[in-house]
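Visitor: Here's a structure for you.
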Amino acid sequence: MGALLIGPGRVVAAAPASSPKSEPVALRVESFTVPPSSQPLVFVVAKNLRDVPYQGSLTIKAPEGWRLAPFERQLTLKPGETRRVPFTVERGSSVQSNSYPVEVSATGAGATVVRKQDVVCASAPYFNPTIDGDPGEWKDAIPVTFTSGGRKTIISTYWNRRQLSLLVAVEEQELIAYRQGPTPEPFDAVQIALSPQDTQTGNSPDDQATRCELLFVSTGSGTTGKCFQLASPGMKLAEAAKGRRLEPLQCDKATVAVSRTGTVTYYECGIPFSLMSGQIRPSEGREFCLSVLVHDPDGTGIRDWGQAAGLWTWQRNPLAWSRFPGAKWGPQPPFENKLPWGLCSSKY
């Protein structure tokens, strides 16, 4: 079912809840897509977990000194329905840590459901860095930091009219480079998915992919890296899930450099918007979807931005990410790859 604009919120999908839950609704807050000082919208995502309609009220508490409007919104959900409900930041301020504690609550159906969450600004300022593995040009980006197994991952982005630039700093014990071969040993990598706003991943292998999915690796030779294109918009999801050999998928349109300082590996990448077949048109204020998996097979395993961003435990889809030889997957598939990101003029 497509997205529909209804009342103060936007219906994302409507489906029966798969099983009864102790709480009537599930809540989470999406990342900001522009800096808080620019007065963005804050979207609270609410899902009715029961097979009867839900009616209640929704409130959100922002960091101290902020002002959001309205104070409260009424929330009406059909059985199983998920809705994005907007609140406006009338006064907000950016912090260097890019972490903003919020508390959202829904009161209705005889219960009050509360969720506390640290929200980030997921946005790319306008700039064109040199893709050389040197992180020195990234001080004006907006870093998104999350921790998995005690190790940090920091995602930074820039954009210009031609490409999206990405720097992923991975704290890890050592860097295992990719070695070409029919059955490669596990190796470190960064896997990303780019999609237009409001797209969804299908549930059938016959459905078409809506994402551009890329894999970035080190070759072990200086800062030389490689990019492989695992999925493109329009291909069958079954094709992406096959676990194809990487060499035929090499993508020379994207640039990548991989360097290492101390215990941190830096993946610096330049991704032409043309790889999205015109589905993401670069302009200030544009929103799209970006998600990241970090492969650290000898350390933390797979680090999933979807999990760190607060997706619900049932938001896993085995068709959302491509498989490939040399990856070390966990017992469960990664989270969905449709996480909001934005393009802004500056972080200031």
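So you can find residues: chains in the structure tokens are A, B, ... in the order shown, residues in each start at 1, and ligands are numbered from 1 in order.
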Per DSSP on the backbone, what are the helix (DSSP H, G or I) residues of range 230-348 of chain A, as a list in words?

Guide: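 Secondary structure check on range 230-348 of chain A, helix (DSSP H, G or I): Leu237, Ala238, Glu239, Ala240, Glu247, Pro248, Leu249, Phe273, Ser274, Leu275, Met276, Trp305, Gly306, Gln307 and Ala308 of chain A.
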
Visitor: Please identify the strand (DSSP E or B) residues within range 31-224 of chain A (assignment by DSSP from backbone atoms) and present them as a PyMOL selection string.

Guide: chain A and resi 32+41-48+54-61+67-69+72-77+81-91+100-108+111-119+121+123-124+126+144-148+151-159+163-171+189-196+208+212-218+224

Visitor: CA of Gly65 in chain A and CA of Val114 in chain A are how many Å apart?

Guide: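 If I compute the distance from CA of Gly65 in chain A to CA of Val114 in chain A, I get 20.9 Å.
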
Visitor: Go through A:Ser57, A:Thr261, A:Ser37, A:Thr153 one by one, measure the shortest atom-to-atom distance of each to Val95 in chain A using only C-alpha atoms, and give the residue with the smallest value.

Guide: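 Checking each of A:Ser57, A:Thr261, A:Ser37, A:Thr153 against Val95 in chain A, counting only C-alpha atoms, the winner is A:Ser37.
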
Visitor: Residues near Leu237 in chain A, anyone? I mean within 12 Å using only C-alpha atoms, not counting same-chain ones fewer than 4 positions away, as a list in words.

Guide: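 Listing them by chain and then by number gives Thr201, Gly202, Asn203, Ser204, Pro205, Asp206, Asp207, Gln208, Ala209, Thr210, Arg211, Cys212, Glu213, Leu230, Ala231, Ser232, Pro233, Ala241, Lys242, Gly243, Asn317, Pro318, Leu319, Ala320, Trp321, Ser322 and Arg323 of chain A.
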